[in-house]
Structure formats: C-alpha cells, structure tokens
>>> print(open('run.cif').read())   # mmCIF, C-alpha atoms
data_input
loop_
_atom_site.label_atom_id
_atom_site.label_comp_id
_atom_site.auth_asym_id
_atom_site.auth_seq_id
_atom_site.Cartn_x
_atom_site.Cartn_y
_atom_site.Cartn_z
CA LEU A 29 -47.00 -37.65 87.31
CA ILE A 30 -46.61 -36.50 83.69
CA ASP A 31 -43.06 -36.61 82.41
CA GLU A 32 -41.73 -33.06 81.89
CA GLU A 33 -40.26 -33.87 78.47
CA PHE A 34 -43.58 -35.30 77.34
CA LYS A 35 -45.39 -32.24 78.70
CA SER A 36 -43.04 -29.89 76.82
CA LEU A 37 -43.39 -31.92 73.61
CA PHE A 38 -47.17 -31.95 73.95
CA LEU A 39 -47.28 -28.17 74.47
CA ILE A 40 -45.02 -27.57 71.47
CA ILE A 41 -47.08 -29.81 69.18
CA ASN A 42 -50.44 -28.63 70.47
CA GLY A 43 -49.39 -24.98 70.40
CA SER A 44 -48.00 -25.26 66.89
CA ILE A 45 -51.26 -26.80 65.65
CA LEU A 46 -53.38 -24.06 67.27
CA ILE A 47 -51.18 -21.24 65.96
CA ALA A 48 -51.01 -22.74 62.46
CA THR A 49 -54.80 -23.15 62.50
CA LEU A 50 -55.35 -19.51 63.41
CA ILE A 51 -52.95 -18.33 60.68
CA PHE A 52 -54.75 -20.54 58.15
CA ILE A 53 -58.13 -19.18 59.28
CA VAL A 54 -56.99 -15.56 58.94
CA PHE A 55 -56.02 -16.12 55.30
CA LYS A 56 -59.14 -18.21 54.68
CA LEU A 57 -61.47 -15.55 56.10
CA ILE A 58 -59.85 -12.61 54.31
CA ASP A 59 -59.25 -14.66 51.12
CA PRO A 60 -56.65 -12.14 49.93
CA LYS A 61 -56.52 -11.39 46.22
CA THR A 62 -54.32 -8.29 46.30
CA ILE A 63 -51.09 -7.20 47.99
CA TYR A 64 -53.17 -4.87 50.18
CA GLU A 65 -55.34 -7.74 51.47
CA ASN A 66 -52.26 -9.90 52.10
CA ILE A 67 -50.80 -7.06 54.16
CA ILE A 68 -54.05 -6.95 56.17
CA CYS A 69 -53.62 -10.66 56.93
CA LEU A 70 -50.04 -10.11 58.09
CA ILE A 71 -51.13 -7.20 60.32
CA LEU A 72 -53.79 -9.39 61.96
CA ILE A 73 -51.22 -12.12 62.64
CA PHE A 74 -48.11 -10.15 63.62
CA ASN A 75 -49.56 -7.40 65.78
CA PRO A 76 -48.56 -7.50 69.48
CA THR A 77 -51.98 -8.66 70.75
CA THR A 78 -51.97 -11.78 68.56
CA LEU A 79 -48.29 -12.48 69.21
CA LEU A 80 -48.93 -12.35 72.97
CA LEU A 81 -51.79 -14.80 72.47
CA PHE A 82 -49.39 -17.13 70.63
CA GLU A 83 -46.72 -16.76 73.28
CA ARG A 84 -49.00 -17.58 76.20
CA LEU A 85 -51.22 -20.06 74.32
CA ASN A 86 -54.11 -18.61 76.26
CA PHE A 87 -57.42 -20.49 76.12
CA ASP A 88 -58.97 -17.49 74.32
CA LEU A 89 -57.25 -18.87 71.21
CA VAL A 90 -59.21 -22.12 71.56
CA ILE A 91 -62.41 -20.16 72.19
CA PHE A 92 -61.97 -18.12 69.01
CA LEU A 93 -61.22 -21.23 66.95
CA SER A 94 -64.32 -22.86 68.47
CA LEU A 95 -66.38 -19.84 67.43
CA VAL A 96 -65.14 -20.17 63.85
CA LEU A 97 -66.06 -23.86 63.91
CA ILE A 98 -69.53 -23.05 65.24
CA VAL A 99 -70.36 -20.51 62.54
CA PHE A 100 -69.03 -22.65 59.69
CA LEU A 101 -70.81 -25.83 60.80
CA LYS A 102 -73.93 -26.32 58.75
CA LYS A 103 -76.87 -27.56 60.79
CA ASN A 104 -75.43 -29.91 63.49
CA TYR A 105 -77.15 -27.78 66.12
CA ILE A 106 -76.69 -30.38 68.84
CA LEU A 107 -72.95 -30.40 68.19
CA LYS A 108 -72.92 -26.60 68.22
CA THR A 109 -74.68 -26.62 71.59
CA ILE A 110 -72.13 -29.07 73.00
CA ILE A 111 -69.20 -26.94 71.75
CA LYS A 112 -70.70 -23.80 73.26
CA PHE A 113 -71.24 -25.55 76.58
CA LEU A 114 -67.68 -26.94 76.62
CA VAL A 115 -66.02 -23.56 76.02
CA PHE A 116 -68.37 -22.01 78.61
CA SER A 117 -67.23 -24.62 81.12
CA PHE A 118 -63.65 -23.31 80.78
CA LYS A 119 -64.42 -19.59 80.65
CA TYR A 120 -67.80 -18.07 81.36
CA TYR A 121 -67.94 -15.24 78.83
CA PRO A 122 -68.49 -17.53 75.76
CA LEU A 123 -72.10 -17.90 76.90
CA ILE A 124 -72.68 -14.97 74.50
CA PHE A 125 -72.26 -17.54 71.70
CA ILE A 126 -75.89 -18.37 72.42
CA ILE A 127 -76.89 -15.57 70.04
CA ASN A 128 -75.65 -17.75 67.19
CA PHE A 129 -78.94 -19.67 67.38
CA PHE A 130 -80.85 -16.50 66.46
CA ILE A 131 -78.98 -16.06 63.18
CA GLU A 132 -79.46 -19.63 61.99
CA ASP A 133 -81.65 -19.44 58.89
CA LYS A 134 -82.64 -23.11 58.97
CA LEU A 135 -83.99 -22.97 62.53
CA ILE A 136 -87.58 -22.01 63.24
CA LEU A 137 -88.15 -19.72 66.23
CA LYS A 138 -89.32 -22.55 68.52
CA LYS A 139 -86.11 -24.47 67.94
CA LYS A 140 -84.02 -21.35 68.45
CA VAL A 141 -85.66 -20.88 71.82
CA PHE A 142 -85.30 -24.58 72.61
CA TYR A 143 -81.55 -24.77 71.93
CA SER A 144 -80.97 -21.48 73.73
CA SER A 145 -82.91 -22.72 76.76
CA VAL A 146 -80.96 -25.99 76.83
CA LEU A 147 -77.67 -24.10 76.79
CA ILE A 148 -78.76 -21.61 79.46
CA PHE A 149 -80.18 -24.35 81.71
CA SER A 150 -77.03 -26.47 81.36
CA SER A 151 -74.85 -23.45 82.11
CA ILE A 152 -76.85 -22.59 85.24
CA ILE A 153 -76.46 -26.17 86.47
CA LEU A 154 -72.72 -26.00 85.84
CA ILE A 155 -72.43 -22.73 87.78
CA PHE A 156 -74.47 -24.17 90.64
CA LEU A 157 -72.27 -27.29 90.82
CA ASN A 158 -69.13 -25.12 90.78
CA LEU A 159 -70.45 -22.17 92.75
CA GLU A 160 -67.28 -21.64 94.80
CA ASP A 161 -65.13 -21.60 91.66
CA PHE A 162 -67.55 -19.17 90.01
CA GLN A 163 -67.39 -16.86 93.05
CA ARG A 164 -63.59 -16.93 92.94
CA VAL A 165 -63.64 -16.04 89.24
CA VAL A 166 -65.98 -13.09 89.91
CA ALA A 167 -63.82 -11.95 92.84
CA ASP A 168 -60.75 -12.13 90.59
CA PHE A 169 -62.18 -9.82 87.91
CA GLU A 170 -60.32 -6.80 89.24
CA SER A 171 -56.92 -8.49 89.06
CA VAL A 172 -57.25 -9.37 85.35
CA GLY A 173 -55.66 -6.86 83.01
CA ARG A 174 -54.05 -5.08 85.95
CA ASN A 175 -51.00 -4.18 83.86
CA ILE A 176 -52.25 -1.25 81.79
CA ARG A 177 -49.81 -2.14 78.99
CA TYR A 178 -51.90 -5.24 78.24
CA SER A 179 -55.33 -3.90 79.08
CA PHE A 180 -58.35 -3.91 76.79
CA SER A 181 -61.35 -2.49 78.63
CA LEU A 182 -63.17 0.69 79.56
CA ASN A 183 -61.31 0.51 82.85
CA ALA A 184 -58.04 1.13 80.98
CA PHE A 185 -59.36 4.53 79.86
CA THR A 186 -60.64 5.15 83.39
CA ARG A 187 -57.17 4.49 84.78
CA LEU A 188 -55.65 6.76 82.12
CA ILE A 189 -57.92 9.64 83.14
CA ASP A 190 -57.26 8.94 86.83
CA HIS A 191 -53.52 9.09 86.17
CA LEU A 192 -53.93 12.57 84.66
CA ASP A 193 -55.86 13.54 87.80
CA LEU A 194 -58.41 15.52 85.78
CA ILE A 195 -61.62 14.08 87.18
CA ASN A 196 -62.68 12.51 90.44
CA LYS A 197 -62.05 8.80 89.93
CA ASP A 198 -65.46 7.87 91.37
CA ILE A 199 -67.26 9.44 88.42
CA THR A 200 -64.69 8.84 85.67
CA LYS A 201 -66.15 5.54 84.44
CA LEU A 202 -69.71 6.91 84.45
CA ILE A 203 -68.66 9.94 82.39
CA LEU A 204 -66.72 7.77 79.93
CA SER A 205 -69.66 5.36 79.57
CA VAL A 206 -72.18 8.15 78.97
CA THR A 207 -69.83 9.88 76.51
CA LEU A 208 -69.32 6.63 74.60
CA ILE A 209 -73.07 6.01 74.42
CA ILE A 210 -73.71 9.56 73.15
CA PHE A 211 -70.93 9.16 70.57
CA SER A 212 -72.41 5.83 69.44
CA ILE A 213 -75.91 7.28 69.13
CA VAL A 214 -74.61 10.16 66.99
CA ILE A 215 -72.77 7.70 64.71
CA TYR A 216 -75.89 5.52 64.60
CA VAL A 217 -78.08 8.45 63.50
CA LEU A 218 -75.56 9.44 60.81
CA PHE A 219 -74.94 5.98 59.34
CA ASN A 220 -77.78 3.62 60.32
CA LYS A 221 -79.32 3.53 56.83
CA GLU A 222 -76.02 2.19 55.44
CA ILE A 223 -76.22 -0.99 57.51
CA LYS A 224 -78.13 -3.84 55.89
CA ILE A 225 -78.32 -7.58 56.46
CA PRO A 226 -78.38 -10.10 53.60
CA LEU A 227 -81.39 -12.27 52.88
CA GLU A 228 -79.47 -15.21 54.35
CA TYR A 229 -76.89 -15.15 57.12
CA ASN A 230 -73.59 -16.47 55.79
CA ALA A 231 -70.66 -17.53 57.98
CA ILE A 232 -68.86 -14.18 57.63
CA ILE A 233 -71.76 -12.12 58.95
CA LYS A 234 -72.40 -14.66 61.72
CA LEU A 235 -68.78 -14.37 62.79
CA PHE A 236 -69.00 -10.57 62.67
CA PHE A 237 -72.27 -10.52 64.61
CA ILE A 238 -71.03 -12.73 67.45
CA SER A 239 -67.49 -11.31 67.61
CA SER A 240 -68.70 -7.70 67.69
CA ASN A 241 -71.27 -8.29 70.42
CA LEU A 242 -68.70 -10.24 72.42
CA LEU A 243 -66.08 -7.47 72.11
CA LEU A 244 -68.58 -4.89 73.33
CA ILE A 245 -69.51 -6.99 76.36
CA LEU A 246 -65.87 -7.71 77.20
CA TYR A 247 -64.87 -4.07 76.83
CA PHE A 248 -67.69 -2.61 78.94
CA PHE A 249 -68.07 -5.20 81.69
CA PHE A 250 -64.74 -7.02 82.12
CA ASN A 251 -61.10 -6.32 82.68
CA ASN A 252 -59.26 -8.06 79.85
CA ASN A 253 -55.73 -8.76 78.82
CA TYR A 254 -55.49 -7.53 75.27
CA PHE A 255 -55.03 -10.97 73.69
CA ARG A 256 -58.85 -11.08 73.79
CA GLU A 257 -58.63 -8.69 70.87
CA VAL A 258 -58.26 -11.89 68.83
CA PHE A 259 -62.01 -11.52 68.27
CA PHE A 260 -61.29 -8.51 66.05
CA ILE A 261 -60.14 -11.13 63.54
CA GLY A 262 -63.78 -12.20 63.40
CA VAL A 263 -64.84 -8.60 62.78
CA ILE A 264 -62.43 -7.60 60.00
CA PRO A 265 -63.61 -9.86 57.10
CA TYR A 266 -67.17 -8.50 57.09
CA LEU A 267 -66.00 -4.90 57.52
CA LEU A 268 -63.60 -5.35 54.61
CA ILE A 269 -66.32 -6.81 52.35
CA THR A 270 -68.92 -4.14 53.18
CA SER A 271 -66.42 -1.27 53.00
CA ASN A 272 -65.48 -2.45 49.50
CA LYS A 273 -69.18 -2.21 48.67
CA GLY A 274 -69.29 1.43 49.73
CA CYS A 275 -70.37 1.31 53.39
CA LEU A 276 -68.58 4.30 54.94
CA LEU A 277 -69.15 3.21 58.55
CA SER A 278 -67.61 -0.19 57.78
CA LYS A 279 -64.59 1.54 56.26
CA ILE A 280 -64.16 3.81 59.29
CA CYS A 281 -64.42 0.87 61.70
CA PHE A 282 -62.01 -1.17 59.60
CA LEU A 283 -59.42 1.61 59.35
CA SER A 284 -59.59 2.38 63.09
CA ILE A 285 -58.75 -1.25 63.93
CA ILE A 286 -55.97 -1.56 61.34
CA PHE A 287 -54.46 1.81 62.26
CA LYS A 288 -54.32 0.75 65.92
CA TYR A 289 -52.49 -2.45 65.01
CA ILE A 290 -50.02 -0.60 62.76
CA LEU A 291 -49.34 1.81 65.62
CA MET A 292 -48.68 -1.12 67.95
CA ILE A 293 -46.45 -2.96 65.49
CA LEU A 294 -44.30 0.15 65.07
CA PHE A 295 -44.10 1.41 68.63
CA TRP A 296 -45.19 -1.28 71.09
CA PRO A 297 -41.65 -2.58 71.83
CA LYS A 298 -40.98 0.91 73.21
CA VAL A 299 -44.06 0.69 75.44
CA MET A 300 -43.24 -2.85 76.58
CA PHE A 301 -39.80 -2.02 77.95
CA ALA A 302 -40.22 1.62 78.94
CA ASP A 303 -40.61 2.97 82.45
CA LEU A 304 -44.12 4.40 82.18
CA ASP A 305 -43.55 6.60 85.19
CA ILE A 306 -40.98 8.75 83.38
CA ASP A 307 -41.08 7.94 79.64
CA LEU A 308 -43.43 10.52 78.10
CA PHE A 309 -43.26 9.04 74.58
CA ALA A 310 -44.27 5.58 75.83
CA GLN A 311 -47.08 7.17 77.86
CA MET A 312 -48.29 8.96 74.73
CA ILE A 313 -48.31 5.77 72.61
CA LEU A 314 -50.09 3.79 75.33
CA GLY A 315 -52.63 6.58 75.77
CA PHE A 316 -53.18 6.76 72.01
CA LYS A 317 -53.85 3.00 71.87
CA ILE A 318 -56.35 3.24 74.74
CA VAL A 319 -58.14 6.16 73.04
CA LEU A 320 -58.27 4.21 69.74
CA ASP A 321 -59.82 1.26 71.59
CA TYR A 322 -62.43 3.63 73.01
CA ILE A 323 -63.25 5.13 69.61
CA THR A 324 -63.34 1.73 67.89
CA ILE A 325 -65.73 0.34 70.48
CA GLY A 326 -67.91 3.43 70.08
CA LEU A 327 -68.08 2.85 66.32
CA LEU A 328 -68.84 -0.86 66.79
CA THR A 329 -71.52 -0.01 69.35
CA ALA A 330 -73.28 2.18 66.78
CA TYR A 331 -72.93 -0.56 64.16
CA MET A 332 -74.34 -3.24 66.45
CA LEU A 333 -77.23 -1.08 67.67
CA ARG A 334 -78.47 -1.16 64.09
CA LEU A 335 -77.50 -4.73 63.24
CA ASP A 336 -78.88 -6.18 66.50
CA MET A 337 -82.14 -4.36 65.87
CA LEU A 338 -82.39 -5.76 62.33
CA VAL A 339 -81.65 -9.30 63.54
CA PHE A 340 -84.21 -8.94 66.34
CA LYS A 341 -86.89 -7.73 63.93
CA ARG A 342 -86.17 -10.55 61.49
CA THR A 343 -86.11 -13.22 64.22
CA PHE A 344 -89.49 -12.22 65.62
CA ASN A 345 -91.02 -11.12 62.29
CA ILE A 346 -91.44 -7.52 63.40
CA THR A 347 -92.19 -5.03 60.62
CA ILE A 348 -92.65 -1.74 62.43
CA ASN A 349 -91.34 0.28 59.51
CA SER A 350 -89.44 -0.29 56.33
CA ASP A 351 -85.64 -0.24 56.27
#
>>> encode(input="run.cif", output="structure tokens")
Amino acid sequence: LIDEEFKSLFLIINGSILIATLIFIVFKLIDPKTIYENIICLILIFNPTTLLLFERLNFDLVIFLSLVLIVFLKKNYILKTIIKFLVFSFKYYPLIFIINFFIEDKLILKKKVFYSSVLIFSSIILIFLNLEDFQRVVADFESVGRNIRYSFSLNAFTRLIDHLDLINKDITKLILSVTLIIFSIVIYVLFNKEIKIPLEYNAIIKLFFISSNLLLILYFFFNNNYFREVFFIGVIPYLLITSNKGCLLSKICFLSIIFKYILMILFWPKVMFADLDIDLFAQMILGFKIVLDYITIGLLTAYMLRLDMLVFKRTFNITINSD
C-alpha cells in the first residue's frame, strides 16, 4: 500500500507542476504586451471553470497540456502518435486529436493517412480489449455534468428550457440543435470571406483548429463538467491575433468568451451557494451563462465550417473555386 503522506506529497507536487505549467502556457500563448492582454491572461486563469479544474486536478488538464505539446512539437510524428494514443487510453474523446495530422505541412497526404490509420487501428484494438470498460463509460454519459451549475453542453440548455416548461422535453434538444445550425449558417454566410488560413500552419492555428473542433464535439454530443472549457484557452490566442488584424467574426467570438468569463468571475459565487429552486437572481445568472455558451458555440460552428472546409480543400488539393 502507498503511504498516505507520500500520496499527499505526490499530489501536491504533481498538482503544483501541472497548474504552474498551465499558467506559464497561458502567458506564453497570449504573449501579453499590454495591460489589456495581461488582463486577458488573468481572466483565462482565474475564471471559475479553470479554478475548478485546478481544484480537482482533473485529467482534462493533462489532456490540454498534451495537446499543446503535440502542436508545438516539430516533426516527431511517431512521438505525437504515441502521445495521442496515451491520452486516448485514459479518456476517449481525445481521439479527435487525429485531425492534427491533416494540418502538418511537412507531411505528404500518404503519411497523413498512414499515421491516422495507425492511431485509429490502435484505438480500436484498445477499445476491443477493454470493451466492458468502454460500455460502462458510454452508459455513464448521462451522469456526467448532472449538476447544471457545472454543465457545459447542449443538454444544459435543454434542461433550462425543460425547467421553464415551455416546450415538450422530447423535442427540445432537436429544436435547439436545428436553431443553432441555422444561426451558424447565417453567421457563416455573413462572415465566411473574412476567414483565411495562412500559407503554413503555425502552432497557434493548429491549437485553435483542434481545440475548436473538440469543443464543438464535446458540446453537441457529450455531457461535460465545465472544466472542459479549458480548451477555450487553445481558442483565444488565434482569435485575439485575427481580431487585431480586423476579422470581425474573430472579435465577436473572442468577446463572447471573455464576457462569459467576466460574468462568472463576478457572479458565480452567488450561483455556487444559492438555492436554485428559489433564488431568481442565481437562476438568471446561470441561465445567462448557458445562453452565452450556446451563442459562443454557434459562432465557433460558423467559424469552423469555413476553416474545416479550407483545410479539407488544401489537404486534398481541391480547387473548386477561388477564396
């Protein structure tokens, strides 16, 4: 048996290293040069979602740090494959990291397909060898994020609408999904010409590309505790850079995320300790946060519809029309 004092010491040291690493990465990614940019860094670190991640030392912290390592590693594709497989073996959703291979400039298409196939095949074998565990994880999806205070998913909005008893709960999620898609398409039509990709994929756009796609998948298809919003840290640097260059959609996405975090910093202690059955102000703040999540995901969906299309066309050398 492991000595309890040693276990506590190990957790303190290990946790401190992980937290310090994330704080360092936030400042490294934003590279603040003004008071405004330093404030952005502090908001990303001290908002309730990140603080909860620190408190619980959830493995999502390790997954995000692994993603940063993956995108900043130059070449070393075998090592990248191993890292992706390892994080997948702990939690299944990081399989989406496979899309990193398709934004590697130095890889020809055959090698992109090869590394992707190796990762998929290895993951399938792992699932097959641990089929009972995988089935338990799938069966447990509904219990994750059950506390609506900590929820980050479309289901949180569904539960909010159900609570208001405005729509039959059997069709609520369908209506919300269709509405979000329509909203995203409208935003896409209005702003798609603003979205460009550089001649070479740098680490910042890789991090944005993977983090954004991952957030969309998590929001639509999983129940999540909101510490998975740590992946917004991977989204912010690119949005900040492109908004400074005049991209209006980037600025709107950026401001929606930051405004949500400011709202939470100011009012979340009230939500945390309130009785949501009777406290109308706490209900309003929680509902506002859930609506902001919904709007932010809609904006990111529009952004990624365009960016995913551009990456797809570049990967497979498709030139249907000029951008």
>>> atom_distance(input="run.cif", atom1="atom CA of Ile203 of chain A", atom2="atom CA of Ile176 of chain A")
19.9 Å
>>> residues_near_point(input="run.cif", point="(-50.4, -9.2, 69.4)", cutoff="9 Å", atoms="only C-alpha atoms", output="JSON, numbers by chain")
{"A": [72, 73, 74, 75, 76, 77, 78, 79, 80, 81, 82, 254, 255, 257, 258, 289, 292, 293]}
>>> residues_around(input="run.cif", residues="segment 227-237 of chain A", least_positions_apart="3", cutoff="8 Å", atoms="all atoms listed in the file", output="ChimeraX atom specification")
/A:57,95-96,99-100,128,131-133,240-241,262-266,332,335
>>> residues_around(input="run.cif", residues="Lys279 of chain A", least_positions_apart="3", cutoff="8 Å", atoms="all atoms listed in the file", output="JSON, numbers by chain")
{"A": [267, 268, 270, 271, 272, 275, 276, 282, 283]}
>>> write_last_selection(input="run.cif", atoms="C-alpha atoms", output="PDB file, keeping the file's coordinate frame")
ATOM      1  CA  LEU A 267     -66.000  -4.900  57.520  1.00  0.00           C
ATOM      2  CA  LEU A 268     -63.600  -5.350  54.610  1.00  0.00           C
ATOM      3  CA  THR A 270     -68.920  -4.140  53.180  1.00  0.00           C
ATOM      4  CA  SER A 271     -66.420  -1.270  53.000  1.00  0.00           C
ATOM      5  CA  ASN A 272     -65.480  -2.450  49.500  1.00  0.00           C
ATOM      6  CA  CYS A 275     -70.370   1.310  53.390  1.00  0.00           C
ATOM      7  CA  LEU A 276     -68.580   4.300  54.940  1.00  0.00           C
ATOM      8  CA  PHE A 282     -62.010  -1.170  59.600  1.00  0.00           C
ATOM      9  CA  LEU A 283     -59.420   1.610  59.350  1.00  0.00           C
TER      10      LEU A 283
END
>>> closest_residue(input="run.cif", among="A:Ile51, A:Ala330, A:Ile110, A:Ile58", to="Asn220 of chain A", atoms="all atoms listed in the file")
A:Ala330
>>> residues_near_point(input="run.cif", point="(-87.8, -15.2, 63.2)", cutoff="8 Å", atoms="all atoms listed in the file", output="PyMOL selection string")
chain A and resi 130+136-137+340-345
>>> residues_around(input="run.cif", residues="Trp296 of chain A", least_positions_apart="4", cutoff="9 Å", atoms="only C-alpha atoms", output="list of chain:residue names")
A:Pro76, A:Leu291, A:Met292, A:Met300, A:Phe301, A:Ala310, A:Ile313, A:Leu314
>>> resolve_selection(input="run.cif", expression="the PyMOL selection byres ((chain A and resi 151) around 9)", output="list in words")
Phe113, Phe116, Ser117, Tyr120, Leu123, Val146, Leu147, Ile148, Phe149, Ser150, Ile152, Ile153, Leu154, Ile155 and Phe156 of chain A
>>> write_last_selection(input="run.cif", atoms="C-alpha atoms", output="mmCIF file, in the frame of the given file")
data_model
loop_
_atom_site.group_PDB
_atom_site.id
_atom_site.type_symbol
_atom_site.label_atom_id
_atom_site.label_comp_id
_atom_site.auth_asym_id
_atom_site.auth_seq_id
_atom_site.Cartn_x
_atom_site.Cartn_y
_atom_site.Cartn_z
ATOM 1 C CA PHE A 113 -71.240 -25.550 76.580
ATOM 2 C CA PHE A 116 -68.370 -22.010 78.610
ATOM 3 C CA SER A 117 -67.230 -24.620 81.120
ATOM 4 C CA TYR A 120 -67.800 -18.070 81.360
ATOM 5 C CA LEU A 123 -72.100 -17.900 76.900
ATOM 6 C CA VAL A 146 -80.960 -25.990 76.830
ATOM 7 C CA LEU A 147 -77.670 -24.100 76.790
ATOM 8 C CA ILE A 148 -78.760 -21.610 79.460
ATOM 9 C CA PHE A 149 -80.180 -24.350 81.710
ATOM 10 C CA SER A 150 -77.030 -26.470 81.360
ATOM 11 C CA ILE A 152 -76.850 -22.590 85.240
ATOM 12 C CA ILE A 153 -76.460 -26.170 86.470
ATOM 13 C CA LEU A 154 -72.720 -26.000 85.840
ATOM 14 C CA ILE A 155 -72.430 -22.730 87.780
ATOM 15 C CA PHE A 156 -74.470 -24.170 90.640
#
>>> atom_distance(input="run.cif", atom1="atom CA of Phe260 of chain A", atom2="atom CA of Cys69 of chain A")
12.1 Å
>>> atom_distance(input="run.cif", atom1="atom CA of Gly326 of chain A", atom2="atom CA of Ile209 of chain A")
7.2 Å
>>> closest_residue(input="run.cif", among="A:Pro297, A:Ile53, A:Phe219, A:Ala184", to="Leu204 of chain A", atoms="all atoms listed in the file")
A:Ala184
>>> resolve_selection(input="run.cif", expression="the PyMOL selection byres ((chain A and resi 248) around 9)", output="compact mmCIF listing (two decimals) with C-alpha atoms, in the frame of the given file")
# COMPACT_ATOMS: atom_id res chain seq x y z
CA SER A 181 -61.35 -2.49 78.63
CA LEU A 182 -63.17 0.69 79.56
CA ASN A 183 -61.31 0.51 82.85
CA SER A 205 -69.66 5.36 79.57
CA LEU A 243 -66.08 -7.47 72.11
CA LEU A 244 -68.58 -4.89 73.33
CA ILE A 245 -69.51 -6.99 76.36
CA LEU A 246 -65.87 -7.71 77.20
CA TYR A 247 -64.87 -4.07 76.83
CA PHE A 249 -68.07 -5.20 81.69
CA PHE A 250 -64.74 -7.02 82.12
CA ASN A 251 -61.10 -6.32 82.68
>>> resolve_selection(input="run.cif", expression="the PyMOL selection byres ((chain A and resi 324) around 9)", output="list in words")
Ile280, Cys281, Phe282, Ser284, Ile285, Val319, Leu320, Asp321, Tyr322, Ile323, Ile325, Gly326, Leu327, Leu328 and Thr329 of chain A
>>> write_last_selection(input="run.cif", atoms="C-alpha atoms", output="PDB file, in the frame of the given file")
ATOM      1  CA  ILE A 280     -64.160   3.810  59.290  1.00  0.00           C
ATOM      2  CA  CYS A 281     -64.420   0.870  61.700  1.00  0.00           C
ATOM      3  CA  PHE A 282     -62.010  -1.170  59.600  1.00  0.00           C
ATOM      4  CA  SER A 284     -59.590   2.380  63.090  1.00  0.00           C
ATOM      5  CA  ILE A 285     -58.750  -1.250  63.930  1.00  0.00           C
ATOM      6  CA  VAL A 319     -58.140   6.160  73.040  1.00  0.00           C
ATOM      7  CA  LEU A 320     -58.270   4.210  69.740  1.00  0.00           C
ATOM      8  CA  ASP A 321     -59.820   1.260  71.590  1.00  0.00           C
ATOM      9  CA  TYR A 322     -62.430   3.630  73.010  1.00  0.00           C
ATOM     10  CA  ILE A 323     -63.250   5.130  69.610  1.00  0.00           C
ATOM     11  CA  ILE A 325     -65.730   0.340  70.480  1.00  0.00           C
ATOM     12  CA  GLY A 326     -67.910   3.430  70.080  1.00  0.00           C
ATOM     13  CA  LEU A 327     -68.080   2.850  66.320  1.00  0.00           C
ATOM     14  CA  LEU A 328     -68.840  -0.860  66.790  1.00  0.00           C
ATOM     15  CA  THR A 329     -71.520  -0.010  69.350  1.00  0.00           C
TER      16      THR A 329
END
>>> closest_residue(input="run.cif", among="A:Thr62, A:Ser36, A:Gln311, A:Asn253", to="Asn86 of chain A", atoms="all atoms listed in the file")
A:Asn253
>>> closest_residue(input="run.cif", among="A:Arg256, A:Val206, A:Asp303, A:Phe287", to="Tyr121 of chain A", atoms="all atoms listed in the file")
A:Arg256
>>> closest_residue(input="run.cif", among="A:Leu46, A:Ile41, A:Leu333, A:Ile127", to="Ile213 of chain A", atoms="only C-alpha atoms")
A:Leu333
>>> axis_aligned_box(input="run.cif", around="segment 102-105 of chain A", padding_each_side="5 Å", output="lines of an AutoDock Vina configuration file")
center_x = -75.5
center_y = -28.1
center_z = 62.4
size_x = 13.2
size_y = 13.6
size_z = 17.4
